[in-house]
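Engineer: File model31.txt below, compact mmCIF, C-alpha atoms and all ligand atoms:
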```txt
# COMPACT_ATOMS: atom_id res chain seq x y z
CA MET A 956 5.47 -16.87 -7.38
CA ALA A 957 8.42 -14.92 -8.71
CA PHE A 958 8.75 -11.27 -7.69
CA LEU A 959 10.32 -8.88 -10.18
CA TRP A 960 11.83 -6.45 -7.70
CA THR A 961 13.79 -9.01 -5.68
CA ALA A 962 15.40 -10.57 -8.76
CA GLY A 963 19.18 -10.10 -8.80
CA LEU A 964 19.16 -7.75 -5.82
CA THR A 965 21.22 -8.30 -2.66
CA PRO A 966 19.33 -6.87 0.32
CA PRO A 967 21.16 -5.05 3.10
CA SER A 968 21.40 -6.84 6.40
CA PHE A 969 20.63 -5.46 9.85
CA PRO A 970 21.07 -7.07 13.30
CA SER A 971 18.29 -8.50 15.46
CA LEU A 972 17.38 -6.99 18.80
CA SER A 973 19.03 -8.62 21.77
CA GLY A 974 18.42 -7.20 25.23
CA ASN A 975 16.61 -4.10 26.35
CA PHE A 976 16.83 -0.77 24.60
CA GLN A 977 15.61 2.79 24.95
CA THR A 978 14.89 5.36 22.28
CA ASP A 979 12.83 8.49 21.77
CA VAL A 980 10.85 7.15 18.78
CA LEU A 981 10.24 3.52 17.88
CA ILE A 982 8.91 2.67 14.42
CA ILE A 983 7.35 -0.76 14.02
CA GLY A 984 7.38 -1.99 10.41
CA GLY A 985 10.15 -1.85 7.82
CA GLY A 986 8.17 -1.18 4.65
CA MET A 987 8.33 2.02 2.62
CA ALA A 988 6.34 4.06 5.17
CA GLY A 989 8.35 2.93 8.19
CA VAL A 990 11.76 3.37 6.57
CA LEU A 991 10.85 6.84 5.25
CA CYS A 992 9.71 7.82 8.76
CA ALA A 993 13.01 6.56 10.17
CA LYS A 994 15.01 8.50 7.60
CA LYS A 995 13.19 11.77 8.17
CA LEU A 996 13.33 11.49 11.93
CA GLN A 997 17.02 10.66 11.87
CA ASP A 998 17.65 13.57 9.49
CA ALA A 999 15.81 15.77 12.02
CA GLY A 1000 18.19 14.61 14.75
CA VAL A 1001 15.61 12.50 16.63
CA ASP A 1002 16.82 9.40 18.45
CA THR A 1003 14.96 6.71 16.46
CA VAL A 1004 14.89 2.94 16.11
CA LEU A 1005 13.00 0.87 13.54
CA VAL A 1006 12.10 -2.79 14.10
CA GLU A 1007 10.95 -5.17 11.39
CA GLY A 1008 9.56 -8.67 12.01
CA LYS A 1009 11.31 -10.12 8.96
CA THR A 1010 13.56 -8.09 6.64
CA ILE A 1011 12.97 -4.58 5.34
CA GLY A 1012 10.80 -4.36 2.23
CA HIS A 1013 9.91 -8.04 2.60
CA GLY A 1014 6.16 -7.40 3.00
CA ILE A 1015 4.01 -5.30 0.72
CA THR A 1016 6.83 -3.09 -0.64
CA LYS A 1017 8.34 -5.92 -2.68
CA GLY A 1018 5.02 -6.46 -4.49
CA THR A 1019 4.08 -2.89 -5.38
CA THR A 1020 4.16 -1.71 -8.99
CA ALA A 1021 5.91 1.42 -7.63
CA VAL A 1022 4.06 4.11 -9.56
CA LEU A 1023 4.67 7.59 -8.15
CA THR A 1024 1.52 9.51 -8.91
CA ALA A 1025 -1.19 11.75 -7.52
CA GLN A 1026 -3.64 10.08 -9.91
CA HIS A 1027 -5.76 7.87 -7.69
CA ASP A 1028 -8.67 6.72 -9.82
CA THR A 1029 -11.38 9.37 -9.89
CA LEU A 1030 -11.01 10.05 -6.19
CA TYR A 1031 -10.97 13.84 -6.50
CA GLN A 1032 -14.54 14.13 -7.75
CA ASP A 1033 -15.61 11.71 -5.00
CA MET A 1034 -13.73 13.70 -2.35
CA LEU A 1035 -15.18 16.95 -3.61
CA GLN A 1036 -18.67 15.52 -3.02
CA SER A 1037 -18.00 13.82 0.29
CA SER A 1038 -15.41 16.04 1.98
CA GLY A 1039 -15.37 19.35 0.14
CA SER A 1040 -12.78 21.16 -1.95
CA GLU A 1041 -10.48 22.03 0.94
CA LYS A 1042 -9.78 18.40 1.86
CA ALA A 1043 -9.65 17.30 -1.78
CA GLY A 1044 -7.08 20.05 -2.38
CA LEU A 1045 -5.03 18.97 0.64
CA TYR A 1046 -5.05 15.39 -0.57
CA LEU A 1047 -3.91 16.46 -4.05
CA ARG A 1048 -1.15 18.76 -2.83
CA ALA A 1049 0.09 16.13 -0.36
CA ASN A 1050 0.45 13.61 -3.19
CA LEU A 1051 2.10 16.06 -5.58
CA HIS A 1052 4.55 16.99 -2.85
CA ALA A 1053 5.23 13.28 -2.26
CA VAL A 1054 6.11 12.73 -5.94
CA GLN A 1055 8.43 15.72 -5.78
CA GLN A 1056 10.17 14.35 -2.69
CA PHE A 1057 10.74 10.97 -4.37
CA ARG A 1058 12.20 12.83 -7.35
CA HIS A 1059 14.54 14.71 -5.07
CA LEU A 1060 15.65 11.71 -2.98
CA SER A 1061 16.12 9.54 -6.08
CA ARG A 1062 18.86 11.85 -7.34
CA GLU A 1063 21.14 10.33 -4.72
CA ILE A 1064 20.01 6.71 -5.14
CA ASP A 1065 20.41 4.34 -8.09
CA CYS A 1066 16.75 3.28 -8.23
CA ASP A 1067 15.72 3.47 -11.92
CA PHE A 1068 13.64 6.59 -11.33
CA GLU A 1069 11.90 7.67 -14.54
CA GLU A 1070 9.58 10.53 -15.35
CA LYS A 1071 6.30 9.08 -16.71
CA PRO A 1072 2.92 10.70 -17.17
CA SER A 1073 0.02 8.88 -15.52
CA ILE A 1074 -3.04 8.18 -17.63
CA MET A 1075 -6.36 6.77 -16.49
CA TYR A 1076 -9.16 5.87 -18.86
CA SER A 1077 -12.75 4.72 -18.88
CA LEU A 1078 -14.09 2.32 -21.49
CA ASN A 1079 -17.64 3.62 -21.27
CA ASP A 1080 -17.94 6.80 -19.19
CA ARG A 1081 -16.58 9.86 -20.97
CA ALA A 1082 -18.46 12.27 -18.70
CA LYS A 1083 -16.74 10.89 -15.60
CA MET A 1084 -13.32 11.50 -17.10
CA GLU A 1085 -14.24 15.00 -18.26
CA ARG A 1086 -15.56 15.71 -14.78
CA GLU A 1087 -12.32 14.56 -13.15
CA ALA A 1088 -10.22 16.81 -15.39
CA LYS A 1089 -12.48 19.75 -14.51
CA VAL A 1090 -12.34 19.02 -10.78
CA LEU A 1091 -8.55 18.89 -10.95
CA ALA A 1092 -8.49 22.25 -12.70
CA THR A 1093 -10.61 23.77 -9.93
CA LEU A 1094 -8.13 22.33 -7.41
CA GLY A 1095 -5.29 24.02 -9.26
CA PHE A 1096 -3.81 21.10 -11.21
CA GLN A 1097 -3.78 21.05 -15.01
CA ALA A 1098 -4.52 17.51 -16.25
CA ASP A 1099 -5.37 16.82 -19.88
CA PHE A 1100 -8.59 15.25 -21.07
CA LEU A 1101 -7.84 12.73 -23.88
CA THR A 1102 -9.86 10.60 -26.26
CA GLU A 1103 -6.93 8.37 -27.26
CA THR A 1104 -4.38 6.45 -25.20
CA PRO A 1105 -1.44 4.13 -25.98
CA MET A 1106 -3.72 1.13 -25.33
CA PRO A 1107 -4.60 -0.99 -28.39
CA PHE A 1108 -8.35 -0.39 -28.10
CA PRO A 1109 -10.66 2.64 -28.08
CA VAL A 1110 -11.63 4.35 -24.83
CA ALA A 1111 -14.53 6.65 -23.99
CA GLY A 1112 -12.26 9.21 -22.36
CA ALA A 1113 -9.02 9.54 -20.43
CA VAL A 1114 -7.16 11.95 -18.16
CA ARG A 1115 -3.41 12.47 -18.32
CA TYR A 1116 -1.39 13.79 -15.38
CA PRO A 1117 1.95 15.27 -16.43
CA GLY A 1118 4.95 15.25 -14.08
CA MET A 1119 4.44 11.82 -12.49
CA ALA A 1120 7.05 9.05 -12.22
CA GLN A 1121 7.98 5.44 -11.46
CA PHE A 1122 10.97 3.65 -9.90
CA HIS A 1123 12.36 0.41 -8.52
CA PRO A 1124 10.93 0.27 -4.98
CA LEU A 1125 13.50 -2.01 -3.36
CA LYS A 1126 16.52 -0.25 -4.86
CA PHE A 1127 15.11 2.98 -3.42
CA LEU A 1128 14.23 1.44 -0.04
CA TYR A 1129 17.61 -0.23 0.37
CA GLY A 1130 19.30 3.03 -0.64
CA ILE A 1131 17.55 5.17 1.96
CA SER A 1132 17.93 2.54 4.68
CA ARG A 1133 21.73 2.93 4.65
CA GLY A 1134 22.95 4.03 8.06
CA LEU A 1135 19.53 3.87 9.72
CA PRO A 1136 19.21 2.21 13.16
CA ILE A 1137 17.22 -0.89 12.15
CA PHE A 1138 16.64 -4.23 13.85
CA GLU A 1139 15.45 -6.99 11.50
CA ASN A 1140 13.90 -10.34 12.42
CA THR A 1141 12.56 -8.60 15.51
CA PHE A 1142 8.85 -9.28 15.84
CA VAL A 1143 6.95 -7.10 18.29
CA ASP A 1144 4.50 -9.34 20.16
CA LYS A 1145 2.73 -6.55 21.99
CA LEU A 1146 2.94 -3.09 23.48
CA ASP A 1147 2.94 -2.26 27.14
CA GLU A 1148 2.07 1.43 26.87
CA THR A 1149 5.05 2.70 24.84
CA THR A 1150 7.31 -0.26 25.49
CA ALA A 1151 7.49 -2.86 22.73
CA LEU A 1152 7.98 -6.46 23.83
CA THR A 1153 9.76 -9.00 21.66
CA LYS A 1154 11.07 -12.52 22.33
CA ASN A 1155 14.63 -11.28 22.67
CA GLY A 1156 14.19 -8.04 24.51
CA SER A 1157 12.19 -4.87 24.76
CA ILE A 1158 12.37 -1.31 23.48
CA ARG A 1159 11.12 1.50 25.65
CA ALA A 1160 10.21 4.58 23.66
CA LYS A 1161 8.62 7.94 24.27
CA LYS A 1162 6.60 7.67 21.05
CA ILE A 1163 5.73 4.81 18.74
CA ILE A 1164 4.78 4.76 15.05
CA VAL A 1165 2.87 1.66 13.91
CA ALA A 1166 3.61 1.15 10.21
CA THR A 1167 2.75 -2.54 9.95
CA HIS A 1168 0.53 -2.35 6.85
CA TYR A 1169 -2.54 -3.40 8.90
CA PRO A 1170 -2.42 -1.95 12.45
CA PHE A 1171 -1.80 -4.79 14.89
CA LEU A 1172 -3.39 -3.36 18.06
CA ASN A 1173 -7.01 -4.56 18.09
CA SER A 1174 -7.98 -2.91 21.34
CA HIS A 1175 -7.84 0.66 20.04
CA GLY A 1176 -9.00 2.56 16.99
CA LEU A 1177 -11.51 0.05 15.54
CA TYR A 1178 -9.21 -0.65 12.60
CA PHE A 1179 -10.68 -4.16 12.30
CA MET A 1180 -13.91 -2.42 11.26
CA LYS A 1181 -12.34 0.44 9.31
CA LEU A 1182 -10.15 -1.63 6.99
CA TYR A 1183 -10.35 -4.63 4.73
CA GLN A 1184 -7.68 -6.11 2.48
CA LYS A 1185 -7.69 -7.16 -1.12
CA ARG A 1186 -5.44 -9.19 -3.38
CA SER A 1187 -4.16 -7.83 -6.64
CA HIS A 1188 -2.31 -9.91 -9.24
CA VAL A 1189 0.60 -8.75 -11.34
CA ILE A 1190 2.39 -10.38 -14.27
CA ALA A 1191 5.51 -8.91 -15.90
CA PHE A 1192 5.63 -9.76 -19.60
CA GLU A 1193 8.49 -9.62 -22.06
CA ASN A 1194 7.96 -9.11 -25.79
CA ALA A 1195 5.32 -6.47 -25.07
CA PRO A 1196 5.19 -2.79 -26.08
CA ASP A 1197 6.53 0.23 -24.21
CA LEU A 1198 3.47 2.35 -23.42
CA GLY A 1199 5.46 5.45 -22.46
CA CYS A 1200 3.30 6.09 -19.39
CA THR A 1201 1.73 4.42 -16.41
CA ILE A 1202 -1.91 3.71 -17.15
CA GLU A 1203 -5.03 2.30 -15.51
CA ASP A 1204 -8.65 1.52 -16.31
CA VAL A 1205 -10.88 3.16 -13.67
CA GLY A 1206 -13.75 0.74 -14.28
CA GLU A 1207 -14.66 -1.99 -11.83
CA ASN A 1208 -12.20 -4.86 -12.33
CA GLY A 1209 -10.00 -2.55 -14.43
CA PHE A 1210 -6.33 -3.27 -15.11
CA TYR A 1211 -3.22 -1.15 -14.45
CA LEU A 1212 0.01 -1.18 -16.44
CA ARG A 1213 3.56 0.18 -16.40
CA ASN A 1214 6.84 -0.72 -18.07
CA TYR A 1215 10.14 -1.56 -16.41
CA ASN A 1216 13.14 -1.93 -18.72
CA ASP A 1217 11.93 -4.30 -21.46
CA LEU A 1218 9.01 -5.64 -19.42
CA LEU A 1219 5.36 -4.66 -19.35
CA LEU A 1220 3.72 -5.12 -15.95
CA ILE A 1221 -0.02 -5.75 -15.98
CA GLY A 1222 -1.99 -5.86 -12.74
CA GLY A 1223 -5.60 -6.66 -11.95
CA GLY A 1224 -7.91 -9.55 -11.12
CA ASP A 1225 -8.49 -7.85 -7.75
CA HIS A 1226 -10.70 -9.38 -5.09
CA ARG A 1227 -11.24 -9.10 -1.38
CA THR A 1228 -8.76 -11.38 0.38
CA GLY A 1229 -10.41 -14.72 1.12
CA LYS A 1230 -13.05 -14.26 -1.58
CA GLN A 1231 -13.22 -15.50 -5.16
CA GLY A 1232 -12.14 -13.19 -7.96
CA GLY A 1233 -10.40 -12.75 -11.27
CA SER A 1234 -6.96 -13.64 -9.96
CA PHE A 1235 -4.08 -14.34 -12.38
CA ARG A 1236 -6.48 -15.75 -14.95
CA ALA A 1237 -8.04 -12.32 -15.53
CA VAL A 1238 -4.60 -10.76 -16.11
CA ARG A 1239 -3.61 -13.56 -18.51
CA GLU A 1240 -6.82 -13.20 -20.51
CA PHE A 1241 -6.40 -9.41 -20.75
CA ALA A 1242 -2.80 -9.82 -21.93
CA ALA A 1243 -3.71 -12.52 -24.48
CA ARG A 1244 -6.45 -10.28 -25.92
CA ASN A 1245 -4.39 -7.12 -26.17
CA PHE A 1246 -0.73 -8.18 -26.33
CA PRO A 1247 -0.87 -11.65 -27.90
CA LYS A 1248 2.91 -11.94 -28.39
CA ALA A 1249 3.72 -11.19 -24.74
CA ARG A 1250 5.46 -13.88 -22.67
CA GLU A 1251 5.29 -14.20 -18.88
CA LYS A 1252 8.49 -13.58 -16.98
CA TYR A 1253 7.47 -12.78 -13.36
CA VAL A 1254 4.21 -13.52 -11.58
CA TRP A 1255 3.17 -12.34 -8.12
CA ALA A 1256 0.27 -11.05 -6.05
CA ASN A 1257 0.14 -8.25 -3.54
CA GLN A 1258 -2.13 -7.14 -0.74
CA ASP A 1259 -3.74 -3.71 -0.37
CA CYS A 1260 -5.31 -2.34 2.80
CA VAL A 1261 -8.50 -0.44 1.94
CA SER A 1262 -10.04 2.27 4.13
CA LEU A 1263 -13.74 3.09 4.40
CA ASP A 1264 -13.56 6.28 2.31
CA GLY A 1265 -10.52 5.66 0.12
CA ILE A 1266 -8.37 8.00 2.22
CA PRO A 1267 -5.52 6.57 4.34
CA TYR A 1268 -5.40 6.73 8.13
CA ILE A 1269 -2.31 8.69 9.17
CA GLY A 1270 -2.02 10.32 12.58
CA PRO A 1271 -2.77 9.47 16.23
CA TYR A 1272 -3.63 5.76 16.60
CA SER A 1273 -6.71 6.42 18.71
CA PRO A 1274 -7.85 8.92 21.35
CA GLY A 1275 -7.24 6.51 24.25
CA LEU A 1276 -3.69 5.68 23.26
CA GLU A 1277 -1.24 8.47 23.92
CA ASN A 1278 1.99 8.87 21.98
CA VAL A 1279 1.18 6.09 19.50
CA TYR A 1280 0.70 6.93 15.81
CA VAL A 1281 -0.48 4.94 12.83
CA ALA A 1282 -0.06 4.85 9.06
CA SER A 1283 -2.39 2.45 7.25
CA GLY A 1284 -5.18 2.09 4.69
CA PHE A 1285 -3.02 3.11 1.76
CA ASN A 1286 -5.50 1.57 -0.71
CA LEU A 1287 -3.74 1.07 -4.06
CA TRP A 1288 -1.41 4.03 -3.67
CA GLY A 1289 1.20 2.98 -1.16
CA MET A 1290 4.21 4.82 -2.55
CA THR A 1291 3.04 8.43 -2.40
CA THR A 1292 1.04 7.66 0.73
CA SER A 1293 4.14 6.29 2.46
CA MET A 1294 5.88 9.59 1.77
CA ILE A 1295 2.86 11.54 3.06
CA ALA A 1296 2.85 9.37 6.20
CA SER A 1297 6.51 10.17 6.81
CA ASP A 1298 5.75 13.90 6.50
CA ILE A 1299 2.74 13.87 8.80
CA LEU A 1300 4.18 11.56 11.44
CA THR A 1301 7.57 13.25 11.57
CA ASP A 1302 5.78 16.54 12.22
CA ALA A 1303 3.51 14.87 14.80
CA VAL A 1304 6.47 13.47 16.70
CA LEU A 1305 8.25 16.83 16.60
CA GLY A 1306 5.12 18.69 17.68
CA ARG A 1307 4.93 20.64 14.41
CA LYS A 1308 1.73 21.45 12.53
CA ASN A 1309 1.49 19.59 9.24
CA PRO A 1310 -0.48 21.22 6.42
CA TYR A 1311 -1.95 17.92 5.15
CA ALA A 1312 -2.69 16.11 8.42
CA GLU A 1313 -6.36 17.06 8.59
CA ALA A 1314 -7.23 15.19 5.37
CA PHE A 1315 -5.77 11.92 6.73
CA ASP A 1316 -6.93 12.08 10.36
CA PRO A 1317 -7.68 8.51 11.56
CA GLY A 1318 -10.31 9.90 13.95
CA ARG A 1319 -12.68 11.06 11.18
CA SER A 1320 -16.23 9.72 10.88
CA ILE A 1321 -16.62 6.03 10.04
CA LEU A 1322 -20.21 6.35 8.85
CA ARG A 1323 -19.72 4.98 5.35
CA GLY A 1324 -21.45 2.26 3.35
CA GLN A 1325 -18.25 0.22 3.38
CA LEU A 1326 -18.52 -0.09 7.16
CA LEU A 1327 -21.71 -2.15 6.81
CA ALA A 1328 -20.10 -4.25 4.06
CA ASN A 1329 -17.11 -4.96 6.30
CA MET A 1330 -19.32 -5.88 9.25
CA GLY A 1331 -21.57 -8.08 7.09
CA THR A 1332 -18.61 -10.00 5.65
CA THR A 1333 -17.09 -10.48 9.09
CA LEU A 1334 -20.32 -11.71 10.65
CA ALA A 1335 -21.10 -14.13 7.80
CA ASP A 1336 -17.60 -15.53 7.80
CA PHE A 1337 -17.37 -15.76 11.59
CA LEU A 1338 -20.51 -17.92 11.58
CA THR A 1339 -19.18 -20.24 8.85
CA PRO A 1340 -18.71 -23.71 10.41
CA THR A 1341 -15.15 -25.01 9.89
CA ALA A 1342 -12.29 -26.04 12.15
CA LYS A 1343 -9.80 -23.92 10.21
CA ARG A 1344 -10.02 -20.64 12.10
CA CYS A 1345 -7.94 -17.51 11.81
CA SER A 1346 -5.70 -16.74 14.79
CA HIS A 1347 -6.63 -13.03 14.59
CA LEU A 1348 -10.27 -12.92 15.72
CA GLY A 1349 -11.42 -16.44 14.84
CA CYS A 1350 -13.03 -16.14 11.39
CA ALA A 1351 -13.22 -19.08 8.98
CA LEU A 1352 -10.21 -19.42 6.67
CA LYS A 1353 -10.66 -19.99 2.92
CA TRP A 1354 -8.25 -21.90 0.69
CA ASN A 1355 -6.66 -19.75 -2.03
CA SER A 1356 -5.87 -22.24 -4.79
CA ALA A 1357 -4.03 -19.68 -6.95
CA GLU A 1358 -1.47 -18.96 -4.22
CA HIS A 1359 -1.78 -22.09 -2.04
CA SER A 1360 -2.54 -20.17 1.11
CA TRP A 1361 -5.25 -19.99 3.75
CA ASP A 1362 -6.80 -16.52 3.55
CA CYS A 1363 -9.18 -14.77 5.92
CA PRO A 1364 -12.02 -12.70 4.40
CA CYS A 1365 -12.62 -10.75 7.61
CA HIS A 1366 -9.49 -8.61 7.80
CA GLY A 1367 -7.18 -10.25 5.28
CA SER A 1368 -4.69 -12.28 7.35
CA ARG A 1369 -3.01 -15.01 5.31
CA PHE A 1370 -1.24 -18.26 6.22
CA ASP A 1371 0.72 -20.79 4.20
CA ALA A 1372 -0.49 -24.34 3.60
CA HIS A 1373 0.80 -25.35 7.05
CA GLY A 1374 -0.77 -22.40 8.84
CA ARG A 1375 2.36 -20.27 9.16
CA LEU A 1376 1.61 -16.55 9.22
CA ILE A 1377 2.20 -14.65 5.94
CA ASP A 1378 0.19 -11.43 6.22
CA ASN A 1379 -1.18 -9.61 9.28
CA PRO A 1380 -3.23 -8.41 11.21
CA ALA A 1381 -2.93 -11.91 12.77
CA MET A 1382 0.10 -12.05 15.05
CA ARG A 1383 0.67 -15.81 15.13
CA ASP A 1384 0.21 -18.98 13.10
CA SER A 1385 -3.17 -20.70 12.68
CA HIS A 1386 -4.05 -24.41 13.03
CA VAL A 1387 -5.07 -25.69 9.61
CA GLU A 1388 -3.89 -29.34 9.69
FE1 LIG B 1401 -9.26 -10.95 11.45
FE2 LIG B 1401 -8.90 -13.31 10.35
S1 LIG B 1401 -7.95 -11.48 9.84
S2 LIG B 1401 -10.28 -12.78 11.93
```
Turn the structure described in the file into structure tokens.
Ligand code: FES

Structural biologist:
Amino acid sequence: MAFLWTAGLTPPSFPSLSGNFQTDVLIIGGGMAGVLCAKKLQDAGVDTVLVEGKTIGHGITKGTTAVLTAQHDTLYQDMLQSSGSEKAGLYLRANLHAVQQFRHLSREIDCDFEEKPSIMYSLNDRAKMEREAKVLATLGFQADFLTETPMPFPVAGAVRYPGMAQFHPLKFLYGISRGLPIFENTFVDKLDETTALTKNGSIRAKKIIVATHYPFLNSHGLYFMKLYQKRSHVIAFENAPDLGCTIEDVGENGFYLRNYNDLLLIGGGDHRTGKQGGSFRAVREFAARNFPKAREKYVWANQDCVSLDGIPYIGPYSPGLENVYVASGFNLWGMTTSMIASDILTDAVLGRKNPYAEAFDPGRSILRGQLLANMGTTLADFLTPTAKRCSHLGCALKWNSAEHSWDCPCHGSRFDAHGRLIDNPAMRDSHVE
């Protein structure tokens, strides 16, 4: 695989932890959410340390398509039904505020920030798109209902959000990480209350933020029931048109697209990690149908952590675990959600009330249909007879021939062909040979 965002970029370098350390706030995880938390806490004068198991941005951040938008499929009409207009409004305003903060911070960082409207379309459900535009209007945001898009085929209906954006995620991340107290290649094996233990030392903190994509503490919060992970496949093509927007198909198995310089990025072929799905083939077929002159330049896959109700979990880790906070379940919208997490968790650490926190509370009800789906998948896979077991909770690993990895359908851990850990929540390698 060849990642677009790492090409030609020299990452910053930070030391590893050696010895024992004390701080007021420890952040575990050096992706977009963790680094933004570190920046805001440091700006607020809080004694803060961030630790990253590998290098910053090395995990999910390097694979994002980095769209900065409050347009999250047709989530607002769903939220209006399930949670009411107050929470839907909070969710919307939190995301709009996040886009605005990226705009502001990007003024100081060379990160290819560009204003781009976000468009979503449906191939066959005009009413759904009209409904979404109406719901947004009732929530106070003026989106436009469209019947035409820049795509080379007709659509049933579309919704355009003005004032959205895109950027280069690693240029931004490396820019904001400058001067932050970060330890890289420092893998936290476990927590002893609010002390983090690593092979080369420990960090004792008053408060801890877990920003590890998938929360790594199994004993609290039931995240292994509340989250699953899915793979999404992205190809960056040259010799393809500039669409002038970021755009996505809201249908099942829909594709999402954005431009970067002279490239067109097309993502899709999504499937639950460890299960069969469209993979890169689906993206290639879509591109061949609609942009027949396009040529592949970069190819990669990424991993999304999906919550039960489509809303992230940001706040206290669980009732029985004091002074530990979590940010996870970002679904497909990790950029704005990372910014929201940094707002909510900075306020939580400082004891301030955050206006958006209620909509993202990890302690909300888990009674959703997806809970049964998650439990069913886990049970079926756990009972599958094979010697290749996942080091997380022992499910059967499945071979991913597109990426040459061993993937776990239960919670989405991944391992290379030799069993070395790639993606959590597993904390160690698995035996596969
Ligand atoms: Fe949980 Fe494999 S990821 S058992």

Engineer: With only C-alpha atoms as the atoms that count, which of A:Leu959, A:Met1180, A:Leu1172, A:Leu996 lies nearest to Leu1135 of chain A?

Structural biologist: A:Leu996

Engineer: List as a ChimeraX atom specification the protein and nucleic acid residues near segment 1040-1044 of chain A, meaning an atom at most 9 Å away when all atoms listed in the file are counted, but skip any in the same chain fewer than 4 places from it.

Structural biologist: /A:1030-1036,1048-1049,1091,1093-1095,1311,1313-1314

Engineer: Could you give me, as a list in words, the residues that sit within 12 Å of (10.5, -7.5, 26.2) in the file's coordinates, counting only C-alpha atoms?

Structural biologist: Leu972, Ser973, Gly974, Asn975, Phe976, Gln977, Thr1141, Phe1142, Val1143, Asp1144, Lys1145, Leu1146, Asp1147, Thr1149, Thr1150, Ala1151, Leu1152, Thr1153, Lys1154, Asn1155, Gly1156, Ser1157, Ile1158 and Arg1159 of chain A

Engineer: Can you work out the spacing between atom CA of Lys1083 of chain A and atom CA of Cys1200 of chain A in Å, to one decimal?

Structural biologist: 21.0 Å

Engineer: Might you pull out every residue within 7 Å of segment 1220-1237 of chain A, with all atoms listed in the file counted and same-chain residues fewer than 2 positions away left off, and present them as an MDAnalysis selection string?

Structural biologist: chainID A and resid 1184:1192 1208:1214 1218 1239:1241 1353 1362:1364 1367

Engineer: Nearest to Leu1300 of chain A among A:His1052, A:Lys1162, A:Arg1319, A:Arg1383, with distances taken over all atoms listed in the file: which residue is it?

Structural biologist: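 For Leu1300 of chain A, the nearest of the candidates is A:Lys1162.
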
Engineer: Please, which residues in chain A fall within 9 Å of ligand LIG 1401 (chain B) when counting all atoms listed in the file, and what is the closest atom pair and distance in Å to one decimal for each, ordered by chain then residue number, as a Markdown table?

Structural biologist:
```
| residue | atom | partner | partner_atom | distance |
| --- | --- | --- | --- | --- |
| A:Phe1179 | CA | B:LIG1401 | FE1 | 7.0 |
| A:Tyr1183 | CA | B:LIG1401 | S1 | 8.9 |
| A:Thr1333 | CA | B:LIG1401 | S2 | 7.7 |
| A:Asp1336 | CA | B:LIG1401 | S2 | 8.8 |
| A:Phe1337 | CA | B:LIG1401 | S2 | 7.7 |
| A:Arg1344 | CA | B:LIG1401 | FE2 | 7.6 |
| A:Cys1345 | CA | B:LIG1401 | FE2 | 4.5 |
| A:Ser1346 | CA | B:LIG1401 | FE2 | 6.5 |
| A:His1347 | CA | B:LIG1401 | S2 | 4.5 |
| A:Leu1348 | CA | B:LIG1401 | S2 | 3.8 |
| A:Gly1349 | CA | B:LIG1401 | S2 | 4.8 |
| A:Cys1350 | CA | B:LIG1401 | S2 | 4.4 |
| A:Ala1351 | CA | B:LIG1401 | FE2 | 7.3 |
| A:Leu1352 | CA | B:LIG1401 | FE2 | 7.3 |
| A:Asp1362 | CA | B:LIG1401 | FE2 | 7.8 |
| A:Cys1363 | CA | B:LIG1401 | FE2 | 4.7 |
| A:Pro1364 | CA | B:LIG1401 | FE2 | 6.7 |
| A:Cys1365 | CA | B:LIG1401 | FE1 | 5.1 |
| A:His1366 | CA | B:LIG1401 | S1 | 3.8 |
| A:Gly1367 | CA | B:LIG1401 | S1 | 4.8 |
| A:Ser1368 | CA | B:LIG1401 | S1 | 4.2 |
| A:Arg1369 | CA | B:LIG1401 | S1 | 7.6 |
| A:Asp1378 | CA | B:LIG1401 | S1 | 8.9 |
| A:Asn1379 | CA | B:LIG1401 | S1 | 7.0 |
| A:Pro1380 | CA | B:LIG1401 | S1 | 5.8 |
| A:Ala1381 | CA | B:LIG1401 | S1 | 5.8 |
```

Engineer: Mind pulling up the distance from atom CA of Gly1176 of chain A to atom CA of Ser1320 of chain A?

Structural biologist: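 If I compute the distance from atom CA of Ser1320 of chain A to atom CA of Gly1176 of chain A, I get 11.9 Å.
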
Engineer: For a quick check of understanding, using only C-alpha atoms, which of A:Ala1335, A:Ile1269, A:Leu1177, A:Leu1263 has the smallest distance to Val1165 of chain A?

Structural biologist: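 Nearest candidate to Val1165 of chain A out of A:Ala1335, A:Ile1269, A:Leu1177, A:Leu1263: A:Ile1269.
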
Engineer: For a quick check of understanding, using only C-alpha atoms, which of A:Asn1079, A:Thr1024, A:Ser1360, A:Thr1332 has the smallest distance to Asp1204 of chain A?

Structural biologist: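 The closest residue to Asp1204 of chain A is A:Asn1079.
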
Engineer: Have a look at A:Thr1339, A:Glu1103, A:Pro1271, A:Leu1327 and name the one nearest to Asp1302 of chain A; count only C-alpha atoms.

Structural biologist: A:Pro1271

Engineer: Could you check which of A:Thr1291, A:Pro1317, A:Asp1217, A:Ala1303 is closest to Pro1274 of chain A, using all atoms listed in the file?

Structural biologist: A:Pro1317

Engineer: Please, what distance in Å, to one decimal, runs between atom CA of Gly989 of chain A and atom CA of Tyr1169 of chain A?

Structural biologist: 12.6 Å

Engineer: Skip Glu1193 of chain A itself and residues of its chain fewer than 5 positions away, then list as a VMD selection string all residues within 7 Å of it, counting all atoms listed in the file.

Structural biologist: chain A and resid 1217 to 1219 1249 to 1252

Engineer: Excluding same-chain residues fewer than 4 positions from Ile1011 of chain A, what lies within 7 Å of it counting all atoms listed in the file, as a list in words?

Structural biologist: Gly985, Gly986 and Glu1007 of chain A

Engineer: Kindly save the residues from that selection, with C-alpha atoms included, as a compact mmCIF listing (two decimals), in the frame of the given file.

Structural biologist:
```
# COMPACT_ATOMS: atom_id res chain seq x y z
CA GLY A 985 10.15 -1.85 7.82
CA GLY A 986 8.17 -1.18 4.65
CA GLU A 1007 10.95 -5.17 11.39
```
